[in-house]
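Have a look at upload.cif below; it lists mmCIF, C-alpha atoms.
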```
data_start
loop_
_atom_site.label_atom_id
_atom_site.label_comp_id
_atom_site.auth_asym_id
_atom_site.auth_seq_id
_atom_site.Cartn_x
_atom_site.Cartn_y
_atom_site.Cartn_z
CA MET K 15 104.04 123.50 71.03
CA ALA K 16 102.30 120.23 71.77
CA ILE K 17 98.89 119.40 70.35
CA ILE K 18 96.76 117.41 72.76
CA ARG K 19 93.85 115.09 71.98
CA SER K 20 91.36 114.45 74.76
CA THR K 21 88.21 112.33 74.59
CA ILE K 22 85.05 113.95 75.95
CA ILE K 23 82.03 111.79 76.78
CA HIS K 24 78.87 113.88 76.88
CA GLU K 25 75.20 113.16 77.26
CA GLY K 26 72.38 114.25 74.98
CA THR K 27 68.66 113.83 75.37
CA ASP K 28 68.71 110.48 73.56
CA GLU K 29 72.33 109.31 73.25
CA THR K 30 75.76 109.26 74.84
CA PHE K 31 78.33 110.90 72.57
CA GLU K 32 82.10 110.58 72.30
CA SER K 33 83.77 113.68 70.88
CA VAL K 34 87.47 114.55 70.81
CA ALA K 35 88.98 117.85 71.94
CA VAL K 36 92.14 118.95 70.12
CA PHE K 37 94.16 121.91 71.35
CA ASP K 38 97.62 123.35 71.92
CA ASP K 39 98.60 122.97 75.58
CA VAL K 40 100.99 125.94 75.34
CA GLY K 41 100.03 129.58 75.13
CA ALA K 42 97.12 131.70 76.21
CA SER K 43 93.80 130.17 77.24
CA PRO K 44 90.94 130.27 76.81
CA LYS K 45 91.07 130.29 73.00
CA PRO K 46 88.41 130.73 70.34
CA GLY K 47 86.62 127.42 69.93
CA ILE K 48 85.96 125.60 66.66
CA LEU K 49 83.46 122.77 66.23
CA LEU K 50 84.50 120.29 63.54
CA PHE K 51 81.69 118.15 62.13
CA PRO K 52 82.87 115.01 60.27
CA ASN K 53 81.48 113.50 57.09
CA VAL K 54 79.08 110.58 56.66
CA LEU K 55 81.43 108.13 58.41
CA GLY K 56 81.57 109.93 61.77
CA THR K 57 84.66 110.85 63.77
CA LYS K 58 87.93 109.30 62.58
CA GLU K 59 91.67 109.83 62.36
CA ALA K 60 91.46 112.11 59.31
CA ASP K 61 89.25 114.49 61.30
CA PHE K 62 91.66 114.53 64.21
CA ILE K 63 94.56 115.32 61.86
CA TYR K 64 92.62 118.19 60.28
CA ALA K 65 91.69 119.42 63.77
CA GLU K 66 95.39 119.46 64.69
CA LYS K 67 96.05 121.77 61.73
CA VAL K 68 93.29 124.08 62.94
CA ALA K 69 94.49 123.91 66.55
CA ALA K 70 97.98 124.91 65.38
CA LEU K 71 96.43 128.21 64.21
CA GLY K 72 95.56 129.04 67.82
CA TYR K 73 92.12 127.50 68.29
CA ALA K 74 90.66 124.85 70.56
CA VAL K 75 88.78 122.32 68.43
CA LEU K 76 86.06 119.82 69.25
CA VAL K 77 85.66 117.02 66.71
CA ALA K 78 81.97 116.53 67.31
CA ASP K 79 80.20 113.19 67.51
CA VAL K 80 76.57 113.58 66.43
CA PHE K 81 75.86 109.88 65.74
CA GLY K 82 76.38 108.44 69.23
CA GLN K 83 79.17 106.63 71.03
CA GLY K 84 80.47 103.70 69.00
CA LYS K 85 78.34 104.57 65.97
CA ARG K 86 80.91 104.86 63.20
CA THR K 87 81.08 103.42 59.70
CA SER K 88 83.59 102.87 56.90
CA ARG K 89 83.22 102.90 53.14
CA ALA K 90 83.58 99.11 53.20
CA ASP K 91 80.37 98.75 55.21
CA GLU K 92 77.20 97.58 53.52
CA ASN K 93 75.47 100.83 54.49
CA PRO K 94 78.05 103.49 55.42
CA ALA K 95 75.33 106.16 55.49
CA VAL K 96 73.12 104.42 58.06
CA TYR K 97 73.62 106.91 60.90
CA MET K 98 73.61 109.94 58.62
CA ASN K 99 70.35 108.80 57.06
CA LEU K 100 68.66 108.63 60.46
CA LEU K 101 69.50 112.28 61.06
CA ASN K 102 68.62 113.32 57.52
CA ALA K 103 65.18 111.86 58.18
CA ASP K 104 64.80 113.80 61.44
CA ARG K 105 66.22 117.28 61.03
CA ALA K 106 64.87 118.37 64.42
CA MET K 107 67.01 115.66 66.03
CA LEU K 108 69.99 116.79 63.96
CA ARG K 109 69.40 120.39 65.08
CA ASP K 110 69.29 119.32 68.72
CA ARG K 111 72.47 117.30 68.39
CA VAL K 112 74.52 120.04 66.73
CA ILE K 113 73.34 122.47 69.42
CA GLY K 114 74.39 119.92 72.05
CA ALA K 115 77.82 119.68 70.44
CA LEU K 116 78.13 123.47 70.59
CA ASP K 117 77.23 123.42 74.28
CA THR K 118 79.97 120.83 74.83
CA LEU K 119 82.51 122.99 73.00
CA LYS K 120 81.58 126.06 75.02
CA ALA K 121 81.98 124.11 78.27
CA MET K 122 85.60 123.19 77.50
CA ALA K 123 88.09 124.87 79.83
CA GLN K 124 90.29 125.74 76.86
CA VAL K 125 87.49 127.61 75.03
CA ASP K 126 86.34 131.21 75.21
CA ALA K 127 82.59 130.53 75.02
CA ALA K 128 81.96 134.02 73.60
CA ARG K 129 84.13 133.26 70.54
CA THR K 130 83.09 130.13 68.68
CA ALA K 131 82.65 128.93 65.11
CA ALA K 132 82.03 125.67 63.25
CA ILE K 133 83.46 123.87 60.24
CA GLY K 134 82.24 120.68 58.60
CA PHE K 135 82.77 118.30 55.70
CA CYS K 136 80.07 116.73 53.48
CA PHE K 137 77.31 115.79 55.96
CA GLY K 138 79.31 117.88 58.44
CA GLY K 139 78.75 120.85 56.14
CA LYS K 140 75.02 120.28 56.54
CA CYS K 141 75.60 120.22 60.31
CA VAL K 142 77.27 123.64 60.10
CA LEU K 143 74.40 125.06 58.05
CA ASP K 144 71.76 123.58 60.34
CA LEU K 145 73.56 124.97 63.38
CA ALA K 146 73.43 128.41 61.78
CA ARG K 147 69.79 127.85 60.78
CA SER K 148 68.99 127.10 64.42
CA GLY K 149 70.01 130.64 65.36
CA ALA K 150 72.93 129.33 67.40
CA ASP K 151 75.28 131.85 68.97
CA ILE K 152 78.35 131.25 66.83
CA ALA K 153 80.37 133.89 65.03
CA GLY K 154 80.48 131.93 61.80
CA GLY K 155 80.64 128.63 60.00
CA VAL K 156 82.46 127.01 57.08
CA SER K 157 81.00 124.22 54.95
CA PHE K 158 83.38 122.12 52.83
CA HIS K 159 81.68 120.17 50.00
CA GLY K 160 78.50 120.24 52.07
CA VAL K 161 74.88 119.26 51.56
CA TYR K 162 72.57 122.22 51.17
CA ASP K 163 68.92 121.16 51.47
CA ALA K 164 67.02 123.20 54.05
CA PRO K 165 65.09 121.59 56.93
CA PRO K 166 61.33 121.06 56.49
CA PHE K 167 60.56 123.69 59.13
CA PRO K 168 61.26 127.43 59.43
CA ASN K 169 64.72 128.58 60.45
CA ALA K 170 65.48 130.81 63.37
CA ALA K 171 67.19 134.10 62.55
CA ILE K 172 70.66 133.35 61.20
CA THR K 173 73.28 135.47 62.94
CA ALA K 174 76.38 133.51 61.94
CA LYS K 175 78.49 134.55 58.97
CA LEU K 176 78.92 131.68 56.52
CA LEU K 177 81.57 130.54 54.06
CA VAL K 178 80.64 127.73 51.67
CA CYS K 179 83.61 126.04 49.94
CA HIS K 180 82.11 124.19 47.00
CA GLY K 181 83.21 121.99 44.12
CA TRP K 182 81.26 123.24 41.11
CA ASP K 183 80.99 119.74 39.65
CA ASP K 184 79.72 118.21 42.90
CA PRO K 185 76.92 115.76 41.99
CA ILE K 186 75.56 115.87 45.54
CA ALA K 187 75.14 119.65 45.40
CA PRO K 188 74.59 120.54 41.73
CA PRO K 189 74.25 124.17 40.60
CA PRO K 190 70.48 124.44 41.30
CA ALA K 191 71.03 123.33 44.92
CA THR K 192 73.89 125.80 45.31
CA VAL K 193 71.82 128.66 43.90
CA ALA K 194 68.93 127.66 46.17
CA LEU K 195 71.23 127.85 49.20
CA ALA K 196 72.44 131.28 48.12
CA GLN K 197 68.84 132.45 47.80
CA GLU K 198 67.92 130.99 51.18
CA LEU K 199 70.81 132.76 52.89
CA THR K 200 70.11 136.01 51.04
CA ASP K 201 66.46 135.91 52.09
CA ALA K 202 67.63 135.35 55.68
CA GLY K 203 69.83 138.44 55.57
CA CYS K 204 72.88 136.29 56.22
CA ASP K 205 76.44 137.50 55.61
CA TRP K 206 77.54 134.72 53.25
CA GLN K 207 80.21 133.76 50.73
CA ILE K 208 80.42 130.86 48.29
CA HIS K 209 83.84 129.90 46.94
CA ALA K 210 83.30 127.56 43.98
CA TYR K 211 86.19 125.54 42.54
CA GLY K 212 85.98 124.68 38.85
CA GLY K 213 86.72 121.16 37.70
CA THR K 214 86.16 119.95 41.26
CA GLY K 215 83.64 117.47 42.62
CA HIS K 216 82.58 116.22 46.03
CA ALA K 217 84.97 115.26 48.86
CA PHE K 218 87.79 117.47 47.59
CA THR K 219 89.44 117.65 51.05
CA ASP K 220 89.48 113.87 51.56
CA GLU K 221 92.74 112.24 50.48
CA SER K 222 91.18 108.77 50.72
CA VAL K 223 88.59 109.44 48.01
CA ASN K 224 89.37 108.67 44.37
CA MET K 225 86.16 108.02 42.45
CA PRO K 226 86.22 110.69 39.73
CA GLU K 227 83.78 108.66 37.64
CA LYS K 228 81.20 109.32 40.39
CA GLY K 229 82.19 112.96 40.86
CA LEU K 230 83.99 112.24 44.15
CA ALA K 231 87.73 112.84 44.31
CA TYR K 232 90.42 114.53 46.35
CA SER K 233 91.73 117.78 44.88
CA PRO K 234 95.03 119.04 46.32
CA ASP K 235 94.41 122.49 44.87
CA ALA K 236 90.88 122.84 46.25
CA ASP K 237 91.98 121.38 49.59
CA ARG K 238 94.81 123.91 49.88
CA ARG K 239 92.72 126.85 48.70
CA SER K 240 89.76 126.03 50.92
CA PHE K 241 91.98 125.66 54.00
CA ARG K 242 93.49 129.08 53.29
CA SER K 243 90.01 130.57 52.81
CA MET K 244 88.83 129.00 56.07
CA LYS K 245 91.89 130.30 57.89
CA ASP K 246 91.30 133.86 56.68
CA PHE K 247 87.54 133.74 57.25
CA VAL K 248 87.77 132.41 60.81
CA GLY K 249 90.60 134.80 61.60
CA ASP K 250 88.41 137.71 60.57
CA LEU K 251 85.63 136.48 62.86
CA PHE K 252 87.79 136.90 65.94
CA THR K 253 89.75 140.07 65.17
#
```

Here is a file; write its structure as structure tokens.
Amino acid sequence: MAIIRSTIIHEGTDETFESVAVFDDVGASPKPGILLFPNVLGTKEADFIYAEKVAALGYAVLVADVFGQGKRTSRADENPAVYMNLLNADRAMLRDRVIGALDTLKAMAQVDAARTAAIGFCFGGKCVLDLARSGADIAGGVSFHGVYDAPPFPNAAITAKLLVCHGWDDPIAPPPATVALAQELTDAGCDWQIHAYGGTGHAFTDESVNMPEKGLAYSPDADRRSFRSMKDFVGDLFT
């Protein structure tokens, strides 16, 4: 088995985007397709490595760029959230961009367009939720330490099943925000699950994060458990 990375340049209504396809070049195609939405920093090596783990399970993955080609940040930048904040301030634009990323995934030769799902981390978790809120034709989505606030406009009917992997001590999504998300999804008639990890804060899948005093820290246990939950959840979507 050889895992391939391939850059895909795609056009949106307002930007050119640079996403990365990750897939096994051996075995049956087309495969179920998985969108992977990165965190606040945009696409990076850690996302490609995680995508390789997902691709090894038998999926074709698109690490989705929703900021625009060349628009990436690092934690050392003065404002690492600059591109995320632009989309947080315009949720209609965010909706359009995540739908555009889904269209790009479905157009991949390696992907069975009738079998798709999405996963995302931090801001990427919000992308997953907003994709589902748009009524997008995906089987399901998984949010890892995501951001839960709803858009300031009505949702379309949510058809995707959702798994929310959540650190209970996450300062970015405290218990009231988590309960509000559960109520929102219940009111929408969504098939949802929330897996909450005790003693766990934000960014629990990110090995580069170690700021426990701010409630942000990698957790090997939560990382391992959430990957297993994602694997089982996505597998059930396509059986």

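Closest approach to Thr214 (chain K) from the set K:Thr173, K:His159, K:Leu251, K:Val125 is made by K:His159, with distances taken over all atoms listed in the file.
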
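Against the coordinates shown, the PyMOL selection byres ((chain K and resi 141) around 9) returns Phe51, Pro52, Leu108, Arg109, Val112, Ala132, Ile133, Gly134, Phe135, Cys136, Phe137, Gly138, Gly139, Lys140, Val142, Leu143, Asp144, Leu145, Ala146, Ser157, Gly160 and Val161 of chain K.
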
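For the set K:Asp184, K:Asp151, K:Glu25, K:Asp246, the residue with the smallest atom-to-atom gap to Tyr211 (chain K) is K:Asp184, counting all atoms listed in the file.
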
Hey, could you make a per-residue contact list for region 43-128 of chain K against region 215-234 of chain K with 12 Å as the cut-off, showing the nearest pair of atoms and its distance in Å to one decimal, counting all atoms listed in the file, sorted by chain and number, as JSON lines?
```
{"residue": "K:Pro52", "atom": "CA", "partner": "K:Asp220", "partner_atom": "CA", "distance": 11.0}
{"residue": "K:Asn53", "atom": "CA", "partner": "K:Ala217", "partner_atom": "CA", "distance": 9.1}
{"residue": "K:Val54", "atom": "CA", "partner": "K:Ala217", "partner_atom": "CA", "distance": 10.8}
{"residue": "K:Glu59", "atom": "CA", "partner": "K:Ser222", "partner_atom": "CA", "distance": 11.7}
{"residue": "K:Ala60", "atom": "CA", "partner": "K:Asp220", "partner_atom": "CA", "distance": 8.2}
{"residue": "K:Asp61", "atom": "CA", "partner": "K:Asp220", "partner_atom": "CA", "distance": 9.8}
{"residue": "K:Ile63", "atom": "CA", "partner": "K:Asp220", "partner_atom": "CA", "distance": 11.6}
{"residue": "K:Tyr64", "atom": "CA", "partner": "K:Thr219", "partner_atom": "CA", "distance": 9.8}
{"residue": "K:Ser88", "atom": "CA", "partner": "K:Ser222", "partner_atom": "CA", "distance": 11.4}
{"residue": "K:Arg89", "atom": "CA", "partner": "K:Val223", "partner_atom": "CA", "distance": 9.9}
```

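Nearest-residue note for Leu119 (chain K): choosing from K:Tyr162, K:Phe167, K:Phe81, K:Phe37, the minimum distance belongs to K:Phe37, counting all atoms listed in the file.
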
Could you name the residues that touch Val80 (chain K) at 9 Å or less, counting all atoms listed in the file, but leaving out those on the same chain fewer than 3 positions away, as an NGL selection string? :K and (31-33 or 51-52 or 56-57 or 83 or 101 or 108 or 111-112 or 114-115)

Output file for the selection above: C-alpha atoms, as a tab-separated table (two decimals), in the coordinates of the input:
```tsv
chain	number	residue	atom	x	y	z
K	31	PHE	CA	78.33	110.90	72.57
K	32	GLU	CA	82.10	110.58	72.30
K	33	SER	CA	83.77	113.68	70.88
K	51	PHE	CA	81.69	118.15	62.13
K	52	PRO	CA	82.87	115.01	60.27
K	56	GLY	CA	81.57	109.93	61.77
K	57	THR	CA	84.66	110.85	63.77
K	83	GLN	CA	79.17	106.63	71.03
K	101	LEU	CA	69.50	112.28	61.06
K	108	LEU	CA	69.99	116.79	63.96
K	111	ARG	CA	72.47	117.30	68.39
K	112	VAL	CA	74.52	120.04	66.73
K	114	GLY	CA	74.39	119.92	72.05
K	115	ALA	CA	77.82	119.68	70.44
```

Which neighbours of region 189-197 of chain K fall inside 10 Å, counting only C-alpha atoms, when residues of the same chain fewer than 3 positions from it are skipped, and could you give them as a list in words?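 Once the adjacent positions are removed, what remains is Leu143, Gly160, Val161, Tyr162, Asp163, Ala164, Val178, His180, Gly181, Trp182, Asp183, Asp184, Pro185, Ile186, Thr200, Asp201, Ala202, Gly203, Cys204, Trp206, Gln207, Ile208 and Ala210 of chain K.
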
Exercise on region 82-92 of chain K, axis-aligned box with 5 Å per side, report centre and edge lengths in Å to one decimal, as JSON:
```
{"center_x": 80.0, "center_y": 103.0, "center_z": 62.1, "size_x": 17.2, "size_y": 20.9, "size_z": 27.9}
```

To one decimal place, how far is CA of Ser243 (chain K) from CA of Gln124 (chain K) in Å? 24.5 Å

Ranking K:Leu49, K:Ala42, K:Val68, K:Val96 by minimum distance to Met244 (chain K) and counting all atoms listed in the file, which one comes first? K:Val68

Work out how far CA of Glu29 (chain K) is from CA of Ile17 (chain K), in Å to one decimal. 28.6 Å
